[in-house]
Amino acid sequence: MSVPSSAAMPELKPARSEGQWAIVFRRLRRHRVAMFCFVVLIGMLTISALAPLIAPFERDEPNLRARFLTPMSVDNDGNLRLLGTDHLGRDYFTRLLYASRVSLGTAFFATFLASAIGITLGILAGFFGGWVDVIVSRTLEVIASIPTLVLLLIVVTVFVGREEDIPIPRFVTSIFAGFFAVQTREANIVLLVNIVLALFGWTVTARLMRGMAMSVREHIYIEAARALGASNFRILVRHVFPNSLPPMIVDFTLGVNAILLAESALSFLGFGIQDPTPTWGNMLNNAQNYMFQHPWMPLIPAMPILIASLAVNYFGDGLRDALDPRQRG
Amino acid sequence: MTTFLIRRFVQMFFVTVVAAFLSFILLYLAPGGPIDELRGAQRQNDGMSRVDQTDVQRVRERFELDFYLPFRFSRWLIGWPSGPIFGAIGADWQVGCSIPGQVRLVYPDGRVEIIEEGCEVPLTLASIEDRRVSNGVFFGDFGLSQTILRDRPVMTLIMSRLPYTLSLMGTSILLSILIAVPIGIYSAVRQYSRFDYTMTTIAFIGSSLPSFVFGIFAILIFSILAQRAGLPYLPSGNASGARDWVMPYFGRIEAGSLVDRGLRFIMPVGVLTFINIAGWSRFIRASMLEVLQQDYVRTARAKGVKERMVIIKHALRNALIPFITLLAGVLAALFGGALITEAVFNWPGLGRLFIDALGRHDYNVVMALLFVNVVLLMIGILIADILYTIVDPRIRLS
C-alpha cells in the first residue's frame, strides 16, 4: 500500500472543541420558528416589565362618559384610547399592560416555584430511594388522582374574599406587589393563586426529575465522585442536577404554558384573581358579558393569551429539538 | 392478578378517602362560608331583616356546622353517628357544639370584639337522634342539597344534569375518534407531506390553546358576526331556548324544539371535538410512525401484502394499543372534563353545576361531584392498567 502524497490529502482542520451548551445554542439559533417565538416572548416580557411606564392612564380610573369606546377612538376629553375602554370606561390598553404583568408574572413565578419543589423532591426521591421515595411517590399518586381543576376551584373559592386572613408577612406582600405591579392589598390574592398553582403543578416535574436522578445515579462518574470522597450534597448539586438539566428546561417551558392557561381559566371562570386587579383571564370573562353588543371586546384580552401560549409552546418545542442529543448538526 | 386487584382497590380506597377528607376540611374549615354570608346579608339589610341567634343556629344545623369536623366527615362518609349506639350507650357523648360560647374582648384602646371561644351548649349523641342524616356516600347516598335545591337529594340534582354532560361528552368523544384516527394514520403514512405539515400545525395550535378562548371565538364568529351579517347563525348558551327565534333563510325556530336544541348543541360539541382531535391525532400519528418502522411491517411488505392491508391490519392494530389505554382516562373526563366549555356556553351540565354549587356554598353537591370524579378517575387508571396487560402480553401486573 502506497502512502498517498500530502498534496492529495485534504487539509485537516484542528478539531475545535465545542461545549455542550454552545451546540444547543447553535441548533436553537437555526430553528427559525423557535427563535421568532423567543423574540416575541422577550418582547412581551419587556412590555410587561415596563407596564407602569408605558401605561397612558390610571389602571382603575373609570370614566362613565367613555364606556365601550372602540379601539383607536378618541374620548370626549380628546384622549386617544388605543385599544378602547371597558364597561366602566377604564382604558383597555392600560389594563392589558398591567394584566400582562400579573398573568405572565404568575406564569413564570408559579412555574419557578413548582419546578423548585418538583426538582428538589424528585431529585431526593430518585437519588436516595427508600422511604424518601415512598413518601414522595405516594404523595404524587394522591395528587395525580385528584382532578386538579376541580380542586383548584375549591381552594381558590375558599380563600378569595378573605385574603386578609392569609398569614403572609407584610414585607413579602409588598415585594410581590412590586413584582406583579399591583396594590399591596391585592398582592395577597395574587400570591395565593401563585402558591396554589405551584402546589398542584409540581408533580410532573417531580416525576421526571425522579426518573432522571434514578438513571444518573447509576453512572460511573457518580461512583468516581464518591470514590474521591464527595459528599451526597456535592454529588447532587454538582453532578446529578446538571446532568438532568436538559429535560427540566423543556419541562419548565411546558409548565409556563400550563400555568398560564390554568391561571387564565381560573380567572376566566371568575374564581381566580378578582376584577380590580386585571389579568387576561378576568378581562376576557368581563368581555364575554358584553360581547354581543361589542364583539371587538373579547378579542383584545384573548389575543395575548393566544400569542403567549403559542410562543411558549413553539419555543419549548424548538428547545426540545435543540437539546436532543440524538439529533446531529 | 387477584393480588394486584386487591392491592389496587385498597390503594384506591385510601386515595379516595384522603382526597375527600382534604377537600372536606378545606371547604368547612376555611374562612367565609354560609354563616358569614348570612351575617353579610344582615349588614346589607341594616336592620330590615335582622338575623338573630336562632337563624344562625338554623344555618349551622343545615350545614352541620355544629358537629366537630371528624364527626361531620364521618356522617357524610358513612352516615354515622346518627344517635346513641343501641338506644342508650353514649347518649351524653359530645360530638359537637350547638351554641358556641362568646367572649367579649375589650381592648385598651376602647375597641370591643366578640370572639367565639369554648362551648355553651354542647351537642350530644342524644340530641341528634331526630336529625336527618344520609346513609353515607359510601353507600351511594350523597345527602341533601343545601342551597341550590333545598332539601332535595343531591342525586336528583346530579341526575337532572347528567344527560346534558353525557350527551355533550359522548358525542364529542365519538366524533373525535372518528376524525382523529384517520387523520393520524394519513399523517403518519404520508409523513412530511403537505397534509401532514398542515395537520401537525393545526394540531399543535389546537392542543396548546385553552378551550375557553376557542369557545369565545366560536361564539364570536358563528353567533355574533354571522347574526350581524344576516347569515344563518348558531345560538349560543343554554341547551334550549326560552323563546322562539328567527333564523335567516330558514324561518322561525320554536323554542325547545329538536332543531333549537340541535343548533345549540353544535358549538360546544364542536369546540370539545376540535380540542380532542388536536391531541389525539398527534398521539396516533406518533404511535403509527413508530409501528411503521417495525420489522414486521417490513416483512409484511416484503411478502407482497397490499399496502392498504399493511397499514390497516399490521400497523394500525398495533398503533391503537396505546390509544385505547388513553381512552380509559376519558371516563373521568365524561364527568368533569367539560367544566370550562360548559361555563363558556352556559351548558347546564355537571361542570356548571359544580361551579354554581361552589359559588352558593352547596357543600354536599360540591363534595358529591368531587367524590364521583375522583372515583371515576381512579377506575379509569385501573382500566388503563388492565387494558395494557390485555393488549400487550409483555406487560405483567405485579
# chains A, B, ... in the order shown; residues from 1 in each chain; ligands from 1

call {"tool": "residues_around", "arguments": {"residues": "Glu290 in chain B", "least_positions_apart": "4", "cutoff": "8 Å", "atoms": "only C-alpha atoms", "output": "list in words"}}
result
Ala286, Gln294 and Ala319 of chain B

call {"tool": "write_last_selection", "arguments": {"atoms": "N, CA, C and O atoms", "output": "PDB file, in the first residue's frame"}}
result
ATOM      1  N   ALA B 286     -47.923   9.740  16.109  1.00  0.00           N
ATOM      2  CA  ALA B 286     -46.654   9.338  16.707  1.00  0.00           C
ATOM      3  C   ALA B 286     -46.567   7.822  16.844  1.00  0.00           C
ATOM      4  O   ALA B 286     -45.563   7.202  16.481  1.00  0.00           O
ATOM      5  N   GLN B 294     -41.339  -0.790  12.323  1.00  0.00           N
ATOM      6  CA  GLN B 294     -41.044  -2.111  12.891  1.00  0.00           C
ATOM      7  C   GLN B 294     -40.724  -3.130  11.805  1.00  0.00           C
ATOM      8  O   GLN B 294     -41.126  -2.994  10.656  1.00  0.00           O
ATOM      9  N   ALA B 319     -50.778   0.144  16.514  1.00  0.00           N
ATOM     10  CA  ALA B 319     -50.644   1.558  16.855  1.00  0.00           C
ATOM     11  C   ALA B 319     -51.771   2.001  17.784  1.00  0.00           C
ATOM     12  O   ALA B 319     -51.632   2.953  18.539  1.00  0.00           O
TER      13      ALA B 319
END

call {"tool": "closest_atom_pairs", "arguments": {"of": "chain B", "to": "chain A", "cutoff": "9 Å", "atoms": "only C-alpha atoms", "output": "tab-separated table"}}
result
residue	atom	partner	partner_atom	distance
B:Val15	CA	A:Val142	CA	5.7
B:Thr16	CA	A:Ser145	CA	8.3
B:Val18	CA	A:Val142	CA	7.9
B:Ala19	CA	A:Ile146	CA	6.6
B:Ser23	CA	A:Leu151	CA	7.4
B:Leu26	CA	A:Val155	CA	6.9
B:Leu27	CA	A:Val158	CA	6.5
B:Tyr28	CA	A:Val158	CA	8.9
B:Ala30	CA	A:Val158	CA	5.9
B:Pro31	CA	A:Arg162	CA	6.7
B:Gly32	CA	A:Arg162	CA	6.9
B:Gly33	CA	A:Val158	CA	7.9
B:Phe204	CA	A:Asn313	CA	8.7
B:Ile205	CA	A:Leu310	CA	6.8
B:Ser208	CA	A:Leu310	CA	6.6
B:Leu209	CA	A:Leu306	CA	6.6
B:Pro210	CA	A:Leu261	CA	6.3
B:Ser211	CA	A:Ala265	CA	8.8
B:Phe212	CA	A:Ala265	CA	7.4
B:Val213	CA	A:Ala302	CA	6.4
B:Ile216	CA	A:Gln288	CA	7.5
B:Phe217	CA	A:Leu299	CA	8.1
B:Leu220	CA	A:Pro295	CA	6.7
B:Ser223	CA	A:Phe292	CA	8.9
B:Ile224	CA	A:Phe292	CA	6.2
B:Leu225	CA	A:Pro295	CA	7.8
B:Ala332	CA	A:Pro147	CA	8.7
B:Gly336	CA	A:Val150	CA	8.0
B:Leu339	CA	A:Val150	CA	8.7
B:Ile340	CA	A:Leu269	CA	7.4
B:Ala343	CA	A:Leu269	CA	7.2
B:Val344	CA	A:Leu269	CA	8.5
B:Phe354	CA	A:Val150	CA	8.4
B:Ile355	CA	A:Leu153	CA	8.2
B:Leu358	CA	A:Ile154	CA	7.1
B:Gly359	CA	A:Thr157	CA	7.6
B:Val366	CA	A:Ile154	CA	8.6
B:Leu370	CA	A:Val150	CA	7.2
B:Asn373	CA	A:Pro147	CA	7.1
B:Val374	CA	A:Ile146	CA	5.7
B:Val375	CA	A:Ser145	CA	8.7
B:Leu377	CA	A:Ser145	CA	6.5
B:Met378	CA	A:Ser145	CA	6.4
B:Ile381	CA	A:Ser145	CA	8.7

call {"tool": "write_last_selection", "arguments": {"atoms": "N, CA and C atoms", "output": "CSV table (one decimal), in the first residue's frame"}}
result
chain,number,residue,atom,x,y,z
B,15,VAL,N,-56.8,6.5,48.7
B,15,VAL,CA,-56.7,7.8,48.0
B,15,VAL,C,-58.0,8.5,47.9
B,16,THR,N,-59.1,7.8,47.7
B,16,THR,CA,-60.4,8.5,47.7
B,16,THR,C,-60.7,9.1,49.0
B,18,VAL,N,-58.6,10.0,51.4
B,18,VAL,CA,-57.7,11.1,51.7
B,18,VAL,C,-58.1,12.4,50.9
B,19,ALA,N,-58.4,12.1,49.6
B,19,ALA,CA,-58.8,13.3,48.7
B,19,ALA,C,-60.1,13.9,49.2
B,23,SER,N,-60.5,17.8,50.8
B,23,SER,CA,-61.4,18.8,50.3
B,23,SER,C,-62.5,19.2,51.3
B,26,LEU,N,-61.0,21.6,53.7
B,26,LEU,CA,-60.8,22.9,53.0
B,26,LEU,C,-62.1,23.6,53.0
B,27,LEU,N,-63.2,22.9,52.6
B,27,LEU,CA,-64.5,23.6,52.4
B,27,LEU,C,-65.0,24.1,53.7
B,28,TYR,N,-64.9,23.3,54.8
B,28,TYR,CA,-65.5,23.7,56.0
B,28,TYR,C,-64.7,24.5,57.0
B,30,ALA,N,-62.3,26.6,56.1
B,30,ALA,CA,-61.8,27.9,55.6
B,30,ALA,C,-62.7,29.0,56.1
B,31,PRO,N,-62.1,30.2,56.1
B,31,PRO,CA,-62.9,31.4,56.5
B,31,PRO,C,-64.0,31.6,55.5
B,32,GLY,N,-65.0,32.3,55.8
B,32,GLY,CA,-66.1,32.5,54.9
B,32,GLY,C,-67.1,31.5,55.1
B,33,GLY,N,-67.9,31.2,54.1
B,33,GLY,CA,-68.9,30.1,54.2
B,33,GLY,C,-70.3,30.7,54.6
B,204,PHE,N,-50.9,21.2,16.7
B,204,PHE,CA,-50.1,21.8,17.7
B,204,PHE,C,-50.8,23.1,18.3
B,205,ILE,N,-51.3,23.9,17.4
B,205,ILE,CA,-52.0,25.1,17.9
B,205,ILE,C,-53.2,24.6,18.7
B,208,SER,N,-52.3,23.4,22.2
B,208,SER,CA,-51.7,24.3,23.2
B,208,SER,C,-52.5,25.5,23.6
B,209,LEU,N,-53.7,25.6,23.0
B,209,LEU,CA,-54.6,26.7,23.4
B,209,LEU,C,-55.7,26.3,24.3
B,210,PRO,N,-56.2,27.2,25.1
B,210,PRO,CA,-57.2,26.9,26.1
B,210,PRO,C,-58.6,26.8,25.4
B,211,SER,N,-59.5,26.0,26.0
B,211,SER,CA,-60.8,25.8,25.4
B,211,SER,C,-61.7,27.0,25.5
B,212,PHE,N,-61.5,27.8,26.5
B,212,PHE,CA,-62.4,29.0,26.6
B,212,PHE,C,-62.1,30.0,25.5
B,213,VAL,N,-60.8,30.1,25.1
B,213,VAL,CA,-60.6,31.1,24.0
B,213,VAL,C,-61.2,30.6,22.7
B,216,ILE,N,-65.0,31.2,23.0
B,216,ILE,CA,-65.3,32.6,22.8
B,216,ILE,C,-65.2,33.0,21.3
B,217,PHE,N,-64.2,32.5,20.6
B,217,PHE,CA,-64.0,32.7,19.2
B,217,PHE,C,-65.2,32.1,18.4
B,220,LEU,N,-68.1,34.2,18.8
B,220,LEU,CA,-67.9,35.5,18.1
B,220,LEU,C,-68.2,35.3,16.6
B,223,SER,N,-71.9,33.0,16.0
B,223,SER,CA,-73.1,33.5,16.6
B,223,SER,C,-73.3,35.0,16.3
B,224,ILE,N,-72.3,35.8,16.8
B,224,ILE,CA,-72.5,37.2,16.7
B,224,ILE,C,-72.3,37.8,15.3
B,225,LEU,N,-71.1,37.5,14.8
B,225,LEU,CA,-70.8,38.0,13.5
B,225,LEU,C,-71.7,37.5,12.4
B,332,ALA,N,-63.2,9.6,33.4
B,332,ALA,CA,-63.3,10.7,34.3
B,332,ALA,C,-63.7,12.0,33.6
B,336,GLY,N,-66.2,15.5,34.5
B,336,GLY,CA,-65.8,16.8,34.8
B,336,GLY,C,-65.0,17.5,33.8
B,339,LEU,N,-65.9,21.1,32.1
B,339,LEU,CA,-66.2,22.2,33.0
B,339,LEU,C,-66.1,23.6,32.4
B,340,ILE,N,-65.0,23.8,31.7
B,340,ILE,CA,-64.8,25.2,31.2
B,340,ILE,C,-65.7,25.4,30.0
B,343,ALA,N,-69.0,26.2,31.0
B,343,ALA,CA,-69.1,27.5,31.6
B,343,ALA,C,-69.2,28.5,30.4
B,344,VAL,N,-68.4,28.3,29.4
B,344,VAL,CA,-68.4,29.3,28.3
B,344,VAL,C,-69.8,29.3,27.6
B,354,PHE,N,-71.2,22.2,39.3
B,354,PHE,CA,-70.1,22.3,40.2
B,354,PHE,C,-69.8,23.7,40.5
B,355,ILE,N,-69.7,24.6,39.5
B,355,ILE,CA,-69.3,26.0,39.7
B,355,ILE,C,-70.4,26.7,40.4
B,358,LEU,N,-70.3,25.6,44.1
B,358,LEU,CA,-69.2,26.3,44.8
B,358,LEU,C,-69.5,27.7,45.2
B,359,GLY,N,-70.1,28.4,44.2
B,359,GLY,CA,-70.4,29.8,44.5
B,359,GLY,C,-71.5,30.0,45.5
B,366,VAL,N,-71.0,19.9,46.0
B,366,VAL,CA,-69.6,20.0,45.6
B,366,VAL,C,-68.9,18.7,46.0
B,370,LEU,N,-67.1,16.0,43.4
B,370,LEU,CA,-65.7,15.7,43.6
B,370,LEU,C,-65.5,14.2,43.8
B,373,ASN,N,-66.0,12.2,40.8
B,373,ASN,CA,-64.9,12.5,39.8
B,373,ASN,C,-63.7,11.7,40.2
B,374,VAL,N,-63.3,11.7,41.5
B,374,VAL,CA,-62.1,11.0,41.9
B,374,VAL,C,-62.3,9.5,41.7
B,375,VAL,N,-63.4,9.0,42.0
B,375,VAL,CA,-63.6,7.5,41.8
B,375,VAL,C,-63.5,7.2,40.4
B,377,LEU,N,-62.0,8.8,38.0
B,377,LEU,CA,-60.6,8.9,37.6
B,377,LEU,C,-59.8,7.7,37.9
B,378,MET,N,-60.0,7.2,39.1
B,378,MET,CA,-59.2,6.0,39.6
B,378,MET,C,-59.6,4.7,38.9
B,381,ILE,N,-57.9,4.9,35.6
B,381,ILE,CA,-56.5,4.5,35.7
B,381,ILE,C,-56.3,3.0,35.8

call {"tool": "closest_residue", "arguments": {"among": "A:Asp324, A:Glu223, A:Asp75, A:Asp275", "to": "Val190 in chain A", "atoms": "only C-alpha atoms"}}
result
A:Asp275

call {"tool": "residues_around", "arguments": {"residues": "range 192-208 of chain A", "least_positions_apart": "3", "cutoff": "9 Å", "atoms": "only C-alpha atoms", "output": "number ranges by chain"}}
result
A: 106-107, 109-123, 125-126, 136-137, 139-141, 143-144, 148, 151-152, 155-156, 159-160, 163, 166, 187-189, 211-213, 247-248, 251-252, 255, 258-259, 262-263, 272-273

call {"tool": "residues_around", "arguments": {"residues": "Gly318 in chain A", "least_positions_apart": "5", "cutoff": "8 Å", "atoms": "only C-alpha atoms", "output": "list in words"}}
result
Leu28, His31, Val33 and Ala34 of chain A

call {"tool": "write_last_selection", "arguments": {"atoms": "C-alpha atoms", "output": "short mmCIF file (atom, residue, chain, number, x, y, z; two decimals), in the first residue's frame"}}
result
data_model
loop_
_atom_site.label_atom_id
_atom_site.label_comp_id
_atom_site.auth_asym_id
_atom_site.auth_seq_id
_atom_site.Cartn_x
_atom_site.Cartn_y
_atom_site.Cartn_z
CA LEU A 28 -31.59 26.70 18.61
CA HIS A 31 -34.64 26.87 14.46
CA VAL A 33 -39.81 29.42 14.45
CA ALA A 34 -38.37 28.90 17.90
#

call {"tool": "select_by_dssp", "arguments": {"residues": "range 141-305 of chain A", "states": "helix (DSSP H, G or I)", "output": "VMD selection string"}}
result
chain A and resid 141 to 144 148 to 159 163 to 165 170 to 180 184 to 201 203 to 217 220 to 227 232 to 243 245 to 268 280 to 290 299 to 305

call {"tool": "atom_distance", "arguments": {"atom1": "CA of Ala300 in chain B", "atom2": "CA of Phe323 in chain B"}}
result
22.9 Å

call {"tool": "closest_residue", "arguments": {"among": "B:Ser187, B:Arg298, B:Tyr164, B:Asp55", "to": "Ala239 in chain B", "atoms": "only C-alpha atoms"}}
result
B:Tyr164

call {"tool": "residues_around", "arguments": {"residues": "Thr165 in chain B", "least_positions_apart": "3", "cutoff": "8 Å", "atoms": "only C-alpha atoms", "output": "PyMOL selection string"}}
result
chain B and resi 161-162+168-169+334-335+338+348-351

call {"tool": "residues_around", "arguments": {"residues": "Arg308 in chain B", "least_positions_apart": "6", "cutoff": "12 Å", "atoms": "only C-alpha atoms", "output": "MDAnalysis selection string"}}
result
chainID B and resid 185:186 189 297 300:301 314:316

call {"tool": "write_last_selection", "arguments": {"atoms": "all heavy atoms", "output": "short mmCIF file (atom, residue, chain, number, x, y, z; two decimals), in the first residue's frame"}}
result
data_model
loop_
_atom_site.label_atom_id
_atom_site.label_comp_id
_atom_site.auth_asym_id
_atom_site.auth_seq_id
_atom_site.Cartn_x
_atom_site.Cartn_y
_atom_site.Cartn_z
N ILE B 185 -53.54 8.48 11.01
CA ILE B 185 -52.99 7.45 10.13
C ILE B 185 -52.44 8.09 8.86
O ILE B 185 -51.30 7.85 8.46
CB ILE B 185 -54.07 6.42 9.74
CG1 ILE B 185 -54.57 5.70 10.98
CG2 ILE B 185 -53.54 5.44 8.73
CD1 ILE B 185 -55.78 4.86 10.71
N TYR B 186 -53.26 8.96 8.26
CA TYR B 186 -52.86 9.55 6.98
C TYR B 186 -51.60 10.40 7.14
O TYR B 186 -50.70 10.37 6.31
CB TYR B 186 -54.01 10.38 6.40
CG TYR B 186 -53.85 10.67 4.94
CD1 TYR B 186 -54.12 9.70 3.99
CD2 TYR B 186 -53.40 11.92 4.51
CE1 TYR B 186 -53.94 9.94 2.65
CE2 TYR B 186 -53.22 12.18 3.16
CZ TYR B 186 -53.50 11.19 2.23
OH TYR B 186 -53.32 11.44 0.90
N VAL B 189 -48.67 7.97 7.43
CA VAL B 189 -48.33 7.28 6.19
C VAL B 189 -47.69 8.24 5.20
O VAL B 189 -46.73 7.92 4.52
CB VAL B 189 -49.59 6.63 5.59
CG1 VAL B 189 -49.28 6.03 4.23
CG2 VAL B 189 -50.11 5.55 6.52
N VAL B 297 -43.65 -4.93 9.90
CA VAL B 297 -44.29 -4.18 8.83
C VAL B 297 -43.48 -4.36 7.54
O VAL B 297 -44.03 -4.58 6.46
CB VAL B 297 -44.43 -2.70 9.20
CG1 VAL B 297 -44.91 -1.89 8.01
CG2 VAL B 297 -45.40 -2.55 10.35
N ALA B 300 -44.14 -7.79 6.22
CA ALA B 300 -45.43 -7.87 5.55
C ALA B 300 -45.33 -7.29 4.16
O ALA B 300 -45.84 -7.86 3.19
CB ALA B 300 -46.49 -7.13 6.36
N ARG B 301 -44.64 -6.16 4.05
CA ARG B 301 -44.49 -5.53 2.73
C ARG B 301 -43.69 -6.45 1.81
O ARG B 301 -44.02 -6.61 0.64
CB ARG B 301 -43.78 -4.19 2.87
CG ARG B 301 -44.70 -3.10 3.35
CD ARG B 301 -44.08 -1.74 3.14
NE ARG B 301 -44.98 -0.70 3.61
CZ ARG B 301 -44.62 0.25 4.45
NH1 ARG B 301 -43.39 0.31 4.91
NH2 ARG B 301 -45.49 1.16 4.82
N HIS B 314 -51.67 -4.66 9.84
CA HIS B 314 -50.43 -4.87 10.59
C HIS B 314 -50.05 -3.68 11.43
O HIS B 314 -49.62 -3.82 12.57
CB HIS B 314 -49.29 -5.21 9.63
CG HIS B 314 -49.48 -6.51 8.92
ND1 HIS B 314 -50.32 -6.65 7.84
CD2 HIS B 314 -48.97 -7.74 9.17
CE1 HIS B 314 -50.31 -7.89 7.44
NE2 HIS B 314 -49.50 -8.58 8.23
N ALA B 315 -50.19 -2.49 10.86
CA ALA B 315 -49.71 -1.31 11.58
C ALA B 315 -50.76 -0.75 12.53
O ALA B 315 -50.51 -0.59 13.72
CB ALA B 315 -49.26 -0.25 10.59
N LEU B 316 -51.95 -0.46 12.00
CA LEU B 316 -52.95 0.25 12.79
C LEU B 316 -53.30 -0.48 14.08
O LEU B 316 -53.39 0.11 15.14
CB LEU B 316 -54.20 0.49 11.95
CG LEU B 316 -55.32 1.25 12.68
CD1 LEU B 316 -54.82 2.60 13.11
CD2 LEU B 316 -56.53 1.41 11.80
#

call {"tool": "residues_around", "arguments": {"residues": "Ala328 in chain B", "least_positions_apart": "2", "cutoff": "6 Å", "atoms": "only C-alpha atoms", "output": "VMD selection string"}}
result
chain B and resid 325 to 326 330 to 331 380 384

call {"tool": "closest_residue", "arguments": {"among": "A:Thr173, A:Thr279, A:Asn286, A:Asn63", "to": "Leu104 in chain A", "atoms": "only C-alpha atoms"}}
result
A:Thr279

call {"tool": "atom_distance", "arguments": {"atom1": "CA of Ile235 in chain A", "atom2": "CA of Met209 in chain A"}}
result
15.2 Å

call {"tool": "decode", "arguments": {"residues": "range 92-165 of chain A", "atoms": "C-alpha atoms", "output": "short mmCIF file (atom, residue, chain, number, x, y, z; two decimals), in the first residue's frame"}}
result
data_model
loop_
_atom_site.label_atom_id
_atom_site.label_comp_id
_atom_site.auth_asym_id
_atom_site.auth_seq_id
_atom_site.Cartn_x
_atom_site.Cartn_y
_atom_site.Cartn_z
CA TYR A 92 -58.23 48.80 27.88
CA PHE A 93 -54.64 49.30 26.75
CA THR A 94 -53.55 50.31 30.25
CA ARG A 95 -55.34 47.39 31.85
CA LEU A 96 -53.94 44.99 29.29
CA LEU A 97 -50.41 46.14 30.12
CA TYR A 98 -50.94 45.63 33.83
CA ALA A 99 -52.70 42.33 33.16
CA SER A 100 -49.69 41.08 31.23
CA ARG A 101 -47.60 41.81 34.32
CA VAL A 102 -49.92 39.74 36.51
CA SER A 103 -50.56 36.91 34.02
CA LEU A 104 -47.03 36.48 32.73
CA GLY A 105 -45.59 37.13 36.19
CA THR A 106 -47.81 34.39 37.60
CA ALA A 107 -46.96 32.03 34.76
CA PHE A 108 -43.24 32.38 35.34
CA PHE A 109 -43.20 32.74 39.12
CA ALA A 110 -45.61 29.88 39.87
CA THR A 111 -43.80 27.64 37.40
CA PHE A 112 -40.50 28.57 39.01
CA LEU A 113 -41.95 27.68 42.40
CA ALA A 114 -43.44 24.44 41.09
CA SER A 115 -40.18 23.46 39.40
CA ALA A 116 -38.21 24.21 42.55
CA ILE A 117 -40.50 21.95 44.60
CA GLY A 118 -40.62 19.27 41.92
CA ILE A 119 -36.88 19.21 41.29
CA THR A 120 -35.99 19.13 44.98
CA LEU A 121 -38.43 16.37 45.87
CA GLY A 122 -37.81 14.44 42.66
CA ILE A 123 -34.03 14.50 43.00
CA LEU A 124 -34.21 13.39 46.64
CA ALA A 125 -36.67 10.59 45.83
CA GLY A 126 -34.72 9.36 42.84
CA PHE A 127 -31.27 9.63 44.37
CA PHE A 128 -31.88 8.28 47.84
CA GLY A 129 -34.76 5.90 47.13
CA GLY A 130 -36.06 4.09 50.20
CA TRP A 131 -38.59 5.82 52.43
CA VAL A 132 -38.00 9.24 50.85
CA ASP A 133 -39.04 7.76 47.53
CA VAL A 134 -42.07 6.06 49.07
CA ILE A 135 -43.33 9.30 50.63
CA VAL A 136 -42.77 11.39 47.51
CA SER A 137 -44.25 8.79 45.16
CA ARG A 138 -47.35 8.24 47.27
CA THR A 139 -47.95 11.98 47.56
CA LEU A 140 -47.60 12.21 43.79
CA GLU A 141 -50.15 9.46 43.30
CA VAL A 142 -52.68 11.10 45.61
CA ILE A 143 -52.32 14.48 43.92
CA ALA A 144 -52.46 12.88 40.47
CA SER A 145 -55.70 11.12 41.30
CA ILE A 146 -57.49 14.30 42.29
CA PRO A 147 -58.98 16.27 39.41
CA THR A 148 -56.72 19.31 39.50
CA LEU A 149 -59.02 21.98 38.13
CA VAL A 150 -61.80 20.93 40.47
CA LEU A 151 -59.55 21.09 43.50
CA LEU A 152 -58.02 24.37 42.36
CA LEU A 153 -61.50 25.82 42.14
CA ILE A 154 -62.31 24.66 45.66
CA VAL A 155 -59.10 26.04 47.15
CA VAL A 156 -59.38 29.37 45.43
CA THR A 157 -63.09 29.82 46.21
CA VAL A 158 -62.44 29.18 49.82
CA PHE A 159 -59.88 31.93 50.12
CA VAL A 160 -60.97 34.59 47.66
CA GLY A 161 -62.61 37.43 49.53
CA ARG A 162 -60.87 36.56 52.77
CA GLU A 163 -57.34 37.11 51.58
CA GLU A 164 -56.54 39.42 54.52
CA ASP A 165 -56.80 36.34 56.71
#
